[in-house]
Amino acid sequence: MNYVEKAFIFFILAQPALDILAYVNVPVSTILRGLAIGVAAGYLLCLPDGKWKKLSITYLIVLGAFMICHILNNHMVKAPFSISIELTYVLKTVYFIVMLIVYVFVIKSFSKQKNWQKVLQVIVFINLLVISFVMLAANMTNSGHRSYGALAKEGHSGWFFSANELSVILGMGFSIMLLYILKVKSTRSKILLLPVSILVIWAMLTVGTKVSFGSVIIVLGIALTFYSIKTIYNLKNWLNIIILLVLLTASLLMTPATPIGNNLGLTFGTNVVKQETDVSQSEKGTARRNILSGRSDFLYDMTAQYSKAPLSQKLLGMGFGGNYTIHPKLIEMDFLDWYFNFGLIGFVLLFLPLLCIGFRILSSLFKYRFSDITAPIIFTGAAVCLGMGSAFVAGHVLSSPAVSIYLAVLIGYLHTLAGREGSWQSNV
């Protein structure tokens with residue numbers, strides 16, 4: 001494993017710091033992530049010759065040529081047109097694709113190292129701890145960035161910009177963190193890690209979004225199902241079931257006292273009534289308008305714009321926010337945004353790596369017997385599904401470098417797992 005591959009592995013560890021620096025207007029994250037694209041291109045060029053190297057480089061050249069045509073076409077036919085907005089959106093989108101391809105190669109190489117899975121799991125675990133302690137500090141100092149504009153809704157994203165993006169990071173990371181804890185052999189270590197796990201769950205509930213809350217329930221539910229079945233074959237799994245039940249119970253007990261409890265109408269007492277009383281008439285009107293102006297309305301508007309767009313835009317895309325008149329606005333469903341913003345050709349090109357890698361993963365997994373399915377495959381698969389599902393229904397994943405790098409890493413992790421037997425301690 002070379003130094004560039006090691007740099008990409010530990011680049012994952014830098015993500016929370018980059019996001020905090022972006023929150024305080026220090027533009028280091030933009031520079032480093034832009035640099036990462038350049039380093040990734042150089043890394044791919046320096047790989048030993050092979051079919052997948054040639055296909056990857058050819059694909060990226062074609063994608064780059066498409067993006068140039070995409071921007072030039074919109075420059076000619078779109079008004080208003082902002083080159084800075086368009087370039088930023090293109091780079092954010094391409095960032096995910098480049099990182100996805102690179103991490104498939106990097107993690108495959110990294111898997112030759114001893115305890116490679118443990119290293120990846122620990123890195124993600126550390127990132128979640130950093131995020132959770134930042135959330136705690138922001139909560140104690142009342143300095144967290146509000147998750148919602150409406151006063152009737154509670155929750156904050158700490159010293160991170162977007163609650164939606166943070167929710168997806170926490171959701172995917174929680175699955176890997178749980179995997180690490182359950183794979184620890186020492187009973188004492190597992191018990192000592194329980195309070196840390198509860199802190200992470202608290203942070204997820206404090207964000208106040210349905211995505212983060214749903215991730216807690218889904219991951220714990222999948223874990224309980226998996227280990228309950230495995231217990232039939234191995235009675236040693238009883239401790240993991242107890243730990244999962246403790247975490248699930250703690251999550252349900254904390255929910256009414258956290259922002260997500262308020263937002264779901266589960267808060268005990270009169271807090272919700274009081275908040276509704278405090279909201280002014282104008283704020284209520286704004287809340288009603290926000291409810292009406294949901295994703296379905298943005299989809300309707302974008303569909304109308306697309307139907308009126310020239311053939312060149314139908315094929316090459318309408319660019320960020322479509323053919324807007326005042327302010328650009330995304331549908332906030334990433335795959336639909338890909339289609340309208342990059343057109344039919346762009347959508348196919350962007351979706352192609354996901355399709356190819358996904359096919360390789362599934363075709364490998366279908367060859368497994370049930371007894372061959374390990375905990376890392378289940379938990380990493382759950383994390384990838386959460387990320388892809390969030391991209392489909394909630395957005396803020398595929399075109400957000402802060403989130404998309406985690407999805408790229410986890411897809412690369414799952415791709416390597418599916419292609420080889422692997423667990424850093426045991427098959428269960």
# chains A, B, ... in the order shown; residues from 1 in each chain; ligands from 1
$ residues_around --residues "A:Phe340" --least-positions-apart "3" --cutoff "9 Å" --atoms "only C-alpha atoms" --output "PyMOL selection string"
chain A and resi 302-303+306+313-314+317-322+335-337+343-344+347
$ select_by_dssp --residues "stretch 178-427 of chain A" --states "helix (DSSP H, G or I)" --output "PyMOL selection string"
chain A and resi 178-183+187-207+210-233+235-257+259-263+271-278+281-292+295-308+311-316+334-365+370-372+375-393+401-419
$ closest_residue --among "A:Asn263, A:Ser307, A:Asn240, A:Ser189" --to "A:Tyr227" --atoms "only C-alpha atoms"
A:Asn240
$ residues_around --residues "A:Ala402" --least-positions-apart "3" --cutoff "8 Å" --atoms "only C-alpha atoms" --output "ChimeraX atom specification"
/A:15,19,165,405-406
$ residues_around --residues "stretch 166-177 of chain A" --least-positions-apart "5" --cutoff "7 Å" --atoms "only C-alpha atoms" --output "number ranges by chain"
A: 121, 124-125, 128, 157, 204, 209, 211-212, 215-216, 219, 379-380, 382-384, 386-387, 390, 403
